[in-house]
>>> print(open('upload_27.cif').read())   # mmCIF, C-alpha atoms
data_start
#
loop_
_atom_site.label_atom_id
_atom_site.label_comp_id
_atom_site.auth_asym_id
_atom_site.auth_seq_id
_atom_site.Cartn_x
_atom_site.Cartn_y
_atom_site.Cartn_z
CA MET A 91 -34.88 -70.63 -6.88
CA SER A 92 -34.06 -67.16 -8.23
CA PHE A 93 -34.89 -66.00 -11.73
CA PRO A 94 -32.10 -64.81 -14.11
CA PHE A 95 -33.55 -61.41 -14.99
CA GLU A 96 -30.24 -60.15 -16.37
CA ALA A 97 -30.09 -63.01 -18.86
CA LEU A 98 -33.66 -62.38 -19.95
CA ALA A 99 -32.98 -58.66 -20.43
CA ALA A 100 -29.86 -59.49 -22.43
CA CYS A 101 -31.82 -61.43 -25.06
CA ARG A 102 -34.28 -58.58 -25.79
CA ALA A 103 -32.57 -57.64 -29.06
CA GLU A 104 -32.56 -61.29 -30.13
CA LEU A 105 -36.29 -61.63 -29.47
CA GLU A 106 -37.01 -58.37 -31.28
CA ALA A 107 -34.98 -59.37 -34.32
CA GLU A 108 -36.89 -62.64 -34.62
CA ALA A 109 -40.22 -60.83 -34.21
CA SER A 110 -39.35 -58.45 -37.04
CA ALA A 111 -38.07 -61.22 -39.32
CA ASN A 112 -41.17 -63.34 -38.73
CA ASP A 113 -43.77 -60.59 -39.05
CA ALA A 114 -44.45 -60.57 -42.79
CA GLN A 115 -45.17 -64.30 -42.99
CA ALA A 116 -46.75 -64.52 -39.50
CA VAL A 117 -44.18 -67.11 -38.39
CA PHE A 118 -44.23 -68.27 -34.77
CA PRO A 119 -41.11 -67.35 -32.69
CA THR A 120 -39.85 -70.87 -32.09
CA HIS A 121 -36.28 -69.74 -31.42
CA GLY A 122 -37.38 -67.13 -28.90
CA LEU A 123 -39.64 -69.61 -27.12
CA ALA A 124 -36.72 -72.05 -26.87
CA ARG A 125 -34.56 -69.30 -25.35
CA LEU A 126 -37.22 -68.48 -22.78
CA ARG A 127 -37.73 -72.15 -21.98
CA ALA A 128 -33.99 -72.55 -21.38
CA LEU A 129 -34.01 -69.54 -19.04
CA GLY A 130 -36.80 -71.07 -16.93
CA VAL A 131 -39.53 -68.65 -17.99
CA LEU A 132 -42.15 -71.38 -18.40
CA SER A 133 -41.63 -72.80 -14.90
CA ALA A 134 -41.06 -69.51 -13.05
CA ALA A 135 -44.76 -68.89 -12.34
CA LEU A 136 -45.41 -72.33 -10.86
CA PRO A 137 -46.20 -72.39 -7.13
CA LEU A 138 -43.02 -72.26 -5.08
CA ALA A 139 -43.62 -75.79 -3.76
CA SER A 140 -43.75 -77.03 -7.36
CA GLY A 141 -40.46 -75.46 -8.38
CA GLY A 142 -41.55 -71.90 -9.13
CA CYS A 143 -39.52 -68.80 -8.31
CA TRP A 144 -41.57 -66.81 -5.80
CA PRO A 145 -43.58 -67.37 -2.61
CA ASP A 146 -47.28 -67.57 -3.37
CA ALA A 147 -49.56 -64.55 -2.76
CA THR A 148 -46.74 -62.15 -1.84
CA SER A 149 -45.52 -58.79 -3.08
CA GLU A 150 -42.32 -60.57 -4.13
CA ALA A 151 -44.37 -62.78 -6.45
CA ALA A 152 -46.21 -59.76 -7.89
CA VAL A 153 -43.04 -57.78 -8.57
CA GLY A 154 -41.11 -60.79 -9.88
CA LEU A 155 -43.75 -61.90 -12.36
CA LEU A 156 -44.42 -58.32 -13.46
CA HIS A 157 -40.73 -57.85 -14.22
CA LEU A 158 -40.54 -61.13 -16.13
CA LEU A 159 -43.57 -60.37 -18.30
CA ARG A 160 -42.54 -56.80 -19.10
CA LEU A 161 -39.06 -57.94 -20.15
CA VAL A 162 -40.58 -60.49 -22.53
CA GLY A 163 -42.93 -57.79 -23.83
CA GLN A 164 -39.99 -55.48 -24.48
CA GLY A 165 -38.52 -58.10 -26.79
CA SER A 166 -41.68 -59.41 -28.48
CA LEU A 167 -45.31 -58.67 -27.72
CA ALA A 168 -46.35 -61.73 -29.72
CA LEU A 169 -44.13 -63.97 -27.61
CA GLY A 170 -45.31 -62.12 -24.51
CA ARG A 171 -48.90 -62.99 -25.38
CA VAL A 172 -48.00 -66.67 -25.57
CA VAL A 173 -46.11 -66.56 -22.27
CA GLU A 174 -48.93 -64.66 -20.56
CA GLY A 175 -51.41 -67.33 -21.70
CA HIS A 176 -49.11 -70.01 -20.31
CA VAL A 177 -48.91 -68.22 -16.96
CA ASN A 178 -52.68 -67.75 -16.93
CA ALA A 179 -53.16 -71.49 -17.38
CA LEU A 180 -50.76 -72.24 -14.53
CA ARG A 181 -52.62 -69.85 -12.26
CA LEU A 182 -56.03 -71.38 -13.01
CA VAL A 183 -54.76 -74.93 -12.56
CA SER A 184 -53.04 -74.12 -9.26
CA ARG A 185 -56.10 -72.27 -7.96
CA TYR A 186 -58.85 -74.68 -9.01
CA GLY A 187 -57.22 -77.96 -10.03
CA SER A 188 -56.93 -81.14 -7.96
CA PRO A 189 -53.58 -81.89 -6.28
CA ALA A 190 -52.97 -84.71 -8.76
CA LEU A 191 -53.65 -82.46 -11.74
CA CYS A 192 -51.45 -79.70 -10.31
CA ALA A 193 -48.59 -82.15 -9.85
CA ALA A 194 -49.01 -83.54 -13.36
CA VAL A 195 -49.05 -80.09 -14.96
CA ALA A 196 -45.99 -78.99 -12.97
CA ALA A 197 -44.08 -82.07 -14.15
CA ASP A 198 -45.06 -81.39 -17.76
CA VAL A 199 -43.98 -77.74 -17.50
CA HIS A 200 -40.61 -78.69 -16.05
CA ALA A 201 -40.25 -81.03 -19.03
CA GLY A 202 -40.81 -78.03 -21.34
CA ALA A 203 -44.55 -78.07 -22.08
CA LEU A 204 -46.16 -74.82 -23.24
CA LEU A 205 -49.70 -74.22 -21.97
CA GLY A 206 -52.44 -71.96 -23.27
CA VAL A 207 -55.89 -70.70 -22.29
CA TRP A 208 -58.36 -70.99 -25.17
CA VAL A 209 -61.81 -69.74 -24.18
CA THR A 210 -63.17 -67.96 -27.28
CA ASP A 211 -65.56 -70.22 -29.16
CA GLY A 212 -65.45 -70.69 -32.90
CA ALA A 213 -68.41 -71.03 -35.25
CA HIS A 214 -69.45 -74.16 -33.32
CA PRO A 215 -69.12 -73.48 -29.56
CA LEU A 216 -67.27 -76.09 -27.56
CA HIS A 217 -69.47 -78.36 -25.48
CA LEU A 218 -68.92 -81.46 -23.37
CA GLU A 219 -71.14 -84.49 -23.77
CA GLN A 220 -71.52 -87.40 -21.34
CA THR A 221 -71.90 -90.63 -23.33
CA ALA A 222 -71.71 -94.33 -22.67
CA GLN A 223 -68.14 -94.14 -23.96
CA GLY A 224 -67.25 -91.34 -21.52
CA LEU A 225 -66.80 -87.58 -21.88
CA ILE A 226 -66.57 -86.31 -25.46
CA LEU A 227 -65.89 -82.79 -26.72
CA HIS A 228 -67.58 -81.22 -29.72
CA GLY A 229 -66.89 -77.81 -31.26
CA GLN A 230 -64.11 -75.31 -31.79
CA LYS A 231 -62.00 -72.67 -30.13
CA ALA A 232 -60.95 -69.56 -32.05
CA PHE A 233 -58.31 -66.88 -31.38
CA ALA A 234 -56.16 -69.62 -29.87
CA SER A 235 -52.72 -68.13 -29.26
CA GLY A 236 -49.84 -70.50 -29.91
CA ALA A 237 -51.96 -72.90 -31.98
CA GLY A 238 -49.64 -75.59 -33.24
CA HIS A 239 -47.13 -74.97 -30.45
CA VAL A 240 -49.18 -75.22 -27.25
CA ALA A 241 -48.89 -78.74 -25.84
CA GLN A 242 -51.80 -78.46 -23.40
CA ALA A 243 -54.72 -76.04 -23.48
CA LEU A 244 -57.07 -75.02 -20.73
CA VAL A 245 -60.44 -74.69 -22.44
CA THR A 246 -63.98 -73.84 -21.37
CA ALA A 247 -66.93 -75.94 -22.52
CA ARG A 248 -70.68 -75.93 -22.00
CA THR A 249 -72.21 -79.03 -20.44
CA GLN A 250 -75.54 -80.76 -20.98
CA ALA A 251 -76.66 -79.12 -17.73
CA ASP A 252 -75.99 -75.70 -19.37
CA THR A 253 -73.05 -74.89 -17.11
CA THR A 254 -69.49 -73.94 -18.07
CA VAL A 255 -66.55 -76.08 -17.00
CA MET A 256 -62.78 -75.84 -17.44
CA LEU A 257 -60.66 -78.76 -18.51
CA ARG A 258 -57.12 -79.52 -19.61
CA VAL A 259 -56.76 -80.93 -23.10
CA ALA A 260 -53.59 -82.36 -24.63
CA ILE A 261 -53.21 -80.84 -28.09
CA GLY A 262 -52.22 -83.66 -30.40
CA GLN A 263 -53.94 -86.47 -32.19
CA GLY A 264 -57.69 -85.94 -32.17
CA CYS A 265 -57.39 -82.14 -32.42
CA ALA A 266 -57.39 -80.40 -35.79
CA VAL A 267 -55.20 -77.33 -35.36
CA HIS A 268 -55.33 -74.47 -37.87
CA PRO A 269 -52.28 -72.35 -36.95
CA SER A 270 -53.31 -69.02 -38.46
CA ILE A 271 -56.62 -67.23 -38.75
CA GLY A 272 -55.04 -64.69 -41.14
CA GLY A 273 -55.89 -61.04 -41.54
CA LEU A 274 -54.55 -59.70 -38.23
CA SER A 275 -52.54 -56.52 -38.76
CA GLY A 276 -50.55 -56.91 -35.55
CA MET A 277 -49.38 -59.67 -33.21
CA ARG A 278 -48.86 -61.79 -36.30
CA GLY A 279 -46.22 -63.96 -34.66
CA ALA A 280 -48.45 -65.15 -31.80
CA GLY A 281 -49.65 -68.12 -33.83
CA THR A 282 -53.29 -67.17 -33.32
CA GLY A 283 -55.42 -69.87 -34.88
CA GLN A 284 -58.31 -72.26 -34.38
CA CYS A 285 -58.64 -75.75 -32.95
CA ASP A 286 -61.38 -78.28 -33.69
CA PHE A 287 -62.11 -80.74 -30.88
CA ASP A 288 -64.97 -82.72 -32.48
CA GLY A 289 -65.13 -86.24 -31.09
CA LEU A 290 -62.20 -85.88 -28.70
CA ASN A 291 -62.42 -88.10 -25.62
CA VAL A 292 -61.40 -86.54 -22.30
CA THR A 293 -61.22 -87.95 -18.79
CA ALA A 294 -62.80 -86.62 -15.63
CA GLU A 295 -59.32 -86.26 -14.10
CA ASN A 296 -58.70 -83.37 -16.47
CA LEU A 297 -61.68 -81.33 -15.30
CA ILE A 298 -60.52 -78.24 -13.42
CA GLY A 299 -62.52 -77.09 -10.42
CA GLN A 300 -66.28 -76.73 -10.39
CA ALA A 301 -68.76 -75.43 -12.94
CA GLY A 302 -68.56 -71.65 -13.11
CA ASP A 303 -65.05 -71.36 -11.66
CA TYR A 304 -63.60 -69.75 -14.79
CA VAL A 305 -65.75 -66.62 -14.42
CA ARG A 306 -65.58 -66.55 -10.61
CA GLN A 307 -64.54 -63.16 -9.26
CA PRO A 308 -62.16 -61.69 -8.39
CA GLU A 309 -59.87 -64.12 -10.23
CA PHE A 310 -61.68 -63.70 -13.56
CA SER A 311 -60.85 -59.99 -13.72
CA ALA A 312 -57.70 -60.02 -11.59
CA GLY A 313 -55.70 -62.03 -14.12
CA ALA A 314 -55.83 -59.13 -16.60
CA TRP A 315 -52.88 -57.51 -14.83
CA ARG A 316 -50.52 -60.00 -16.46
CA ALA A 317 -51.56 -58.89 -19.94
CA MET A 318 -50.94 -55.30 -18.78
CA ALA A 319 -47.41 -56.24 -17.75
CA VAL A 320 -46.67 -57.54 -21.25
CA ALA A 321 -48.21 -54.41 -22.79
CA LEU A 322 -46.10 -52.30 -20.43
CA GLY A 323 -42.99 -53.87 -21.91
CA GLY A 324 -44.16 -52.93 -25.39
CA ILE A 325 -44.92 -49.37 -24.29
CA GLU A 326 -41.47 -49.04 -22.73
CA ARG A 327 -39.78 -50.36 -25.84
CA LEU A 328 -41.73 -48.05 -28.13
CA ALA A 329 -40.86 -45.00 -26.01
CA THR A 330 -37.20 -46.03 -26.16
CA VAL A 331 -37.36 -46.35 -29.95
CA LEU A 332 -38.84 -42.85 -30.19
CA ARG A 333 -35.99 -41.35 -28.16
CA ALA A 334 -33.30 -43.30 -30.00
CA GLN A 335 -34.52 -42.51 -33.50
CA LEU A 336 -35.01 -38.81 -32.78
CA ALA A 337 -31.50 -38.64 -31.31
CA ALA A 338 -30.04 -40.46 -34.32
CA ARG A 339 -31.60 -37.85 -36.62
CA GLY A 340 -30.37 -34.95 -34.51
CA ARG A 341 -33.97 -33.96 -33.76
CA ALA A 342 -34.20 -34.88 -30.10
CA GLN A 343 -33.49 -31.32 -28.93
CA ALA A 344 -36.24 -29.70 -30.98
CA PRO A 345 -38.81 -28.27 -28.52
CA ALA A 346 -41.77 -30.12 -30.04
CA GLN A 347 -39.85 -33.40 -30.00
CA LEU A 348 -38.67 -32.86 -26.44
CA ALA A 349 -42.31 -32.41 -25.47
CA ARG A 350 -43.20 -35.69 -27.15
CA ILE A 351 -40.35 -37.49 -25.41
CA GLY A 352 -41.48 -36.10 -22.07
CA GLN A 353 -45.08 -37.08 -22.68
CA ALA A 354 -44.01 -40.59 -23.69
CA LEU A 355 -41.98 -40.95 -20.49
CA ILE A 356 -44.93 -39.78 -18.40
CA ALA A 357 -47.29 -42.20 -20.13
CA THR A 358 -44.84 -45.07 -19.65
CA GLN A 359 -44.48 -44.36 -15.94
CA THR A 360 -48.26 -44.10 -15.62
CA ALA A 361 -48.60 -47.54 -17.17
CA MET A 362 -45.94 -48.89 -14.79
CA ASP A 363 -47.60 -47.44 -11.69
CA TRP A 364 -51.04 -48.80 -12.55
CA THR A 365 -49.66 -52.20 -13.48
CA ARG A 366 -47.78 -52.46 -10.19
CA ARG A 367 -50.91 -51.52 -8.25
CA ALA A 368 -52.99 -54.08 -10.13
CA ALA A 369 -50.32 -56.76 -9.68
CA LEU A 370 -50.27 -56.22 -5.93
CA VAL A 371 -54.00 -56.35 -5.27
CA ALA A 372 -54.50 -59.28 -7.66
CA THR A 373 -51.66 -61.34 -6.18
CA MET A 374 -52.30 -60.67 -2.48
CA GLN A 375 -56.02 -61.34 -2.52
CA ASP A 376 -56.23 -62.12 1.19
CA ARG A 377 -55.59 -58.43 1.96
CA TYR A 378 -58.27 -56.88 -0.24
CA ALA A 379 -62.01 -57.15 -0.80
CA ALA A 380 -63.04 -58.94 -3.99
CA GLY A 381 -64.79 -55.85 -5.35
CA ASP A 382 -61.71 -53.70 -4.67
CA ILE A 383 -59.52 -56.17 -6.57
CA THR A 384 -61.80 -56.34 -9.59
CA ALA A 385 -62.35 -52.58 -9.80
CA THR A 386 -58.66 -51.73 -9.29
CA VAL A 387 -57.53 -54.10 -12.04
CA ASN A 388 -60.25 -52.80 -14.36
CA LEU A 389 -59.16 -49.19 -13.84
CA ALA A 390 -55.57 -50.25 -14.45
CA ARG A 391 -56.61 -51.90 -17.72
CA ILE A 392 -58.01 -48.60 -18.99
CA ALA A 393 -55.01 -46.60 -17.74
CA VAL A 394 -52.52 -48.89 -19.49
CA GLU A 395 -54.57 -48.88 -22.67
CA ARG A 396 -54.70 -45.08 -22.74
CA ALA A 397 -50.97 -44.85 -22.02
CA GLY A 398 -50.20 -47.24 -24.84
CA LEU A 399 -52.40 -45.42 -27.34
CA GLU A 400 -50.82 -42.13 -26.34
CA VAL A 401 -47.30 -43.46 -26.92
CA ILE A 402 -48.34 -44.88 -30.30
CA GLU A 403 -49.61 -41.44 -31.35
CA LEU A 404 -46.47 -39.71 -30.06
CA VAL A 405 -44.25 -42.11 -32.01
CA GLN A 406 -46.19 -41.67 -35.23
CA ARG A 407 -46.28 -37.88 -34.92
CA GLY A 408 -42.69 -37.63 -33.77
CA LEU A 409 -41.17 -39.92 -36.40
CA GLY A 410 -43.56 -38.95 -39.17
CA LEU A 411 -43.81 -41.16 -42.25
CA SER A 412 -40.78 -43.20 -41.22
CA ALA A 413 -42.95 -44.73 -38.48
CA PHE A 414 -45.02 -46.32 -41.25
CA ILE A 415 -42.14 -47.86 -43.20
CA LYS A 416 -42.12 -51.65 -42.87
CA THR A 417 -38.37 -51.81 -42.31
CA ASN A 418 -38.61 -49.51 -39.28
CA VAL A 419 -39.08 -51.49 -36.07
CA ALA A 420 -41.42 -48.73 -34.87
CA GLU A 421 -43.93 -49.70 -37.56
CA ARG A 422 -44.29 -53.27 -36.30
CA LEU A 423 -44.22 -52.23 -32.67
CA THR A 424 -47.12 -49.82 -33.13
CA ARG A 425 -49.16 -52.47 -34.95
CA ASP A 426 -48.43 -55.11 -32.35
CA LEU A 427 -49.18 -52.82 -29.42
CA ALA A 428 -52.39 -51.46 -30.94
CA THR A 429 -53.61 -55.01 -31.52
CA TYR A 430 -52.55 -56.24 -28.09
CA LEU A 431 -54.34 -53.39 -26.34
CA ARG A 432 -57.70 -54.45 -27.79
CA GLN A 433 -59.02 -56.03 -24.61
CA PRO A 434 -62.77 -56.78 -24.42
CA ALA A 435 -65.49 -54.40 -23.19
CA PRO A 436 -63.41 -51.33 -22.24
CA ASP A 437 -66.42 -49.05 -21.72
CA GLU A 438 -68.20 -51.52 -19.49
CA THR A 439 -64.98 -52.16 -17.58
CA LEU A 440 -64.43 -48.47 -16.89
CA CYS A 441 -68.01 -47.77 -15.83
CA GLU A 442 -68.21 -50.76 -13.47
CA ALA A 443 -64.94 -49.80 -11.78
CA ALA A 444 -65.99 -46.16 -11.46
CA ALA A 445 -69.33 -47.18 -9.94
CA TRP A 446 -67.57 -49.37 -7.38
CA PHE A 447 -65.24 -46.60 -6.20
CA THR A 448 -67.83 -43.83 -6.25
CA GLN A 449 -68.78 -44.58 -2.65
CA ARG A 450 -65.50 -46.00 -1.36
CA ASP A 451 -61.77 -45.27 -1.58
CA MET A 452 -59.32 -47.31 -3.58
CA PRO A 453 -57.25 -49.74 -1.47
CA CYS A 454 -53.87 -48.49 -0.27
CA THR A 455 -50.95 -50.46 -1.68
CA GLU A 456 -47.93 -48.29 -0.94
CA GLU A 457 -46.82 -50.27 2.08
CA ALA A 458 -46.12 -53.33 -0.06
CA PHE A 459 -43.70 -51.50 -2.38
CA PRO A 460 -41.19 -49.71 -0.15
#
>>> encode(input="upload_27.cif", output="structure tokens")
Amino acid sequence: MSFPFEALAACRAELEAEASANDAQAVFPTHGLARLRALGVLSAALPLASGGCWPDATSEAAVGLLHLLRLVGQGSLALGRVVEGHVNALRLVSRYGSPALCAAVAADVHAGALLGVWVTDGAHPLHLEQTAQGLILHGQKAFASGAGHVAQALVTARTQADTTVMLRVAIGQGCAVHPSIGGLSGMRGAGTGQCDFDGLNVTAENLIGQAGDYVRQPEFSAGAWRAMAVALGGIERLATVLRAQLAARGRAQAPAQLARIGQALIATQTAMDWTRRAALVATMQDRYAAGDITATVNLARIAVERAGLEVIELVQRGLGLSAFIKTNVAERLTRDLATYLRQPAPDETLCEAAAWFTQRDMPCTEEAFP
């Protein structure tokens, strides 16, 4: 099946309006999620054989999913975060799950289920206990995007053998969901909360892969490119807002403002180029060495982060105090993007990637994007 990119692009303003309206009270974008569900966004990233849109492990899949995620990010970074988590869950299930689990998840997604990946532990880390009554979960997950709206979560848990396993958990009775952790300055609409799993019974059929699969490279690092694609959409939108607002004020032709517009365009294209490169090597893993994949995606993470921070600064300097007025969409966009760009361990990520490529060249990807 083909994906209706034009229809998704056409609802950008609608998604943005909901994001702005919901920001103050940190309300989840239920209308926007329903629109995306109706367009087939939730099922698009399924394997092609399960009703997805693109052939597996191809440049077509990389470009298609990149375009989908950046369009969502242009409309709402908070909604983009939720969609990216859903896609991440689909990827992990399809890569490591049993055929029966893959088929069950695909059926649920086609029926409209939203998935999430919740791996950050709360005050009481999640662990899995084998008892006479079966497998029982104890503990919490924090920073759970879409809490209260995700139907199924892929979670990590420690076992009695001191290993880490992945499993699918239906979020419903037996789970105490706290929809908002409060205090976040940006990404307030992503429904980031906490979930308590104490005493929840799970079945062995919902275990995903083997112990240690979640952190197995290169997949563990490679998946970061999808978050970059969402961030790219936010960067593009913010650069567009800068140009539009300067033009509306009659200031776009001032030399200093022209320089800012040019720098924002350069930074946006830089983010695009690095995201495309990361998408290619991460999607077509049979063509590249595992170390090349991990290091390329890690460099791309830093490049996109720097591009985003540069555009934020250009917008705030170019628009002045108006960029800090709550009623200006630029104010929310800069908060959301700054929060979204806070990926873990940036210094370590940069140094590890640089060390890898010190003695070898980066993989060539140009042939896949004619």
>>> closest_residue(input="upload_27.cif", among="A:Val117, A:Ala128, A:Ile261, A:Ala247", to="Gly212 (chain A)", atoms="all atoms listed in the file")
A:Ala247
>>> residues_around(input="upload_27.cif", residues="region 164-174 of chain A", least_positions_apart="6", cutoff="6 Å", atoms="only C-alpha atoms", output="PyMOL selection string")
chain A and resi 102+105-106+277+279-280+320+323-324+327
>>> residues_near_point(input="upload_27.cif", point="(-45.0, -59.1, -19.3)", cutoff="8 Å", atoms="all atoms listed in the file", output="list in words")
Leu155, Leu156, His157, Leu158, Leu159, Arg160, Leu161, Val162, Gly163, Gly170, Glu174, Arg316, Ala317, Met318, Ala319, Val320, Ala321, Leu322 and Gly323 of chain A
>>> resolve_selection(input="upload_27.cif", expression="the PyMOL selection byres ((chain A and resi 217) around 12)", output="CSV table (one decimal) with C-alpha atoms, keeping the file's coordinate frame")
chain,number,residue,atom,x,y,z
A,209,VAL,CA,-61.8,-69.7,-24.2
A,211,ASP,CA,-65.6,-70.2,-29.2
A,212,GLY,CA,-65.4,-70.7,-32.9
A,214,HIS,CA,-69.4,-74.2,-33.3
A,215,PRO,CA,-69.1,-73.5,-29.6
A,216,LEU,CA,-67.3,-76.1,-27.6
A,218,LEU,CA,-68.9,-81.5,-23.4
A,219,GLU,CA,-71.1,-84.5,-23.8
A,220,GLN,CA,-71.5,-87.4,-21.3
A,225,LEU,CA,-66.8,-87.6,-21.9
A,226,ILE,CA,-66.6,-86.3,-25.5
A,227,LEU,CA,-65.9,-82.8,-26.7
A,228,HIS,CA,-67.6,-81.2,-29.7
A,229,GLY,CA,-66.9,-77.8,-31.3
A,230,GLN,CA,-64.1,-75.3,-31.8
A,231,LYS,CA,-62.0,-72.7,-30.1
A,245,VAL,CA,-60.4,-74.7,-22.4
A,246,THR,CA,-64.0,-73.8,-21.4
A,247,ALA,CA,-66.9,-75.9,-22.5
A,248,ARG,CA,-70.7,-75.9,-22.0
A,249,THR,CA,-72.2,-79.0,-20.4
A,250,GLN,CA,-75.5,-80.8,-21.0
A,251,ALA,CA,-76.7,-79.1,-17.7
A,252,ASP,CA,-76.0,-75.7,-19.4
A,253,THR,CA,-73.0,-74.9,-17.1
A,254,THR,CA,-69.5,-73.9,-18.1
A,255,VAL,CA,-66.6,-76.1,-17.0
A,256,MET,CA,-62.8,-75.8,-17.4
A,257,LEU,CA,-60.7,-78.8,-18.5
A,286,ASP,CA,-61.4,-78.3,-33.7
A,287,PHE,CA,-62.1,-80.7,-30.9
A,288,ASP,CA,-65.0,-82.7,-32.5
A,289,GLY,CA,-65.1,-86.2,-31.1
A,290,LEU,CA,-62.2,-85.9,-28.7
A,292,VAL,CA,-61.4,-86.5,-22.3
>>> closest_residue(input="upload_27.cif", among="A:Val371, A:Val387, A:Ile356, A:Ala243", to="Thr455 (chain A)", atoms="only C-alpha atoms")
A:Val371
>>> resolve_selection(input="upload_27.cif", expression="the PyMOL selection byres ((chain A and resi 384) around 9)", output="tab-separated table (two decimals) with C-alpha atoms, keeping the file's coordinate frame")
chain	number	residue	atom	x	y	z
A	307	GLN	CA	-64.54	-63.16	-9.26
A	308	PRO	CA	-62.16	-61.69	-8.39
A	309	GLU	CA	-59.87	-64.12	-10.23
A	310	PHE	CA	-61.68	-63.70	-13.56
A	311	SER	CA	-60.85	-59.99	-13.72
A	312	ALA	CA	-57.70	-60.02	-11.59
A	371	VAL	CA	-54.00	-56.35	-5.27
A	372	ALA	CA	-54.50	-59.28	-7.66
A	379	ALA	CA	-62.01	-57.15	-0.80
A	380	ALA	CA	-63.04	-58.94	-3.99
A	381	GLY	CA	-64.79	-55.85	-5.35
A	382	ASP	CA	-61.71	-53.70	-4.67
A	383	ILE	CA	-59.52	-56.17	-6.57
A	385	ALA	CA	-62.35	-52.58	-9.80
A	386	THR	CA	-58.66	-51.73	-9.29
A	387	VAL	CA	-57.53	-54.10	-12.04
A	388	ASN	CA	-60.25	-52.80	-14.36
A	389	LEU	CA	-59.16	-49.19	-13.84
A	443	ALA	CA	-64.94	-49.80	-11.78
>>> resolve_selection(input="upload_27.cif", expression="the PyMOL selection byres ((chain A and resi 135-142) around 9)", output="list in words")
Met91, Ser92, Val131, Leu132, Ser133, Ala134, Cys143, Trp144, Pro145, Asp146, Ala151, Leu155, Val177, Leu180, Arg181, Ser184, Cys192, Ala193, Ala196, Ala197, Val199 and His200 of chain A
>>> closest_residue(input="upload_27.cif", among="A:Thr148, A:Asp198, A:Pro119, A:Ala337", to="Gly236 (chain A)", atoms="all atoms listed in the file")
A:Pro119
>>> closest_residue(input="upload_27.cif", among="A:Ala124, A:Leu332, A:Ala344, A:Ala222", to="Glu421 (chain A)", atoms="only C-alpha atoms")
A:Leu332
>>> closest_residue(input="upload_27.cif", among="A:Leu123, A:Ala346, A:Ala334, A:Leu411", to="His239 (chain A)", atoms="all atoms listed in the file")
A:Leu123
>>> axis_aligned_box(input="upload_27.cif", around="region 114-126 of chain A", padding_each_side="3 Å", output="JSON")
{"center_x": -40.7, "center_y": -66.3, "center_z": -32.9, "size_x": 18.2, "size_y": 17.5, "size_z": 26.2}
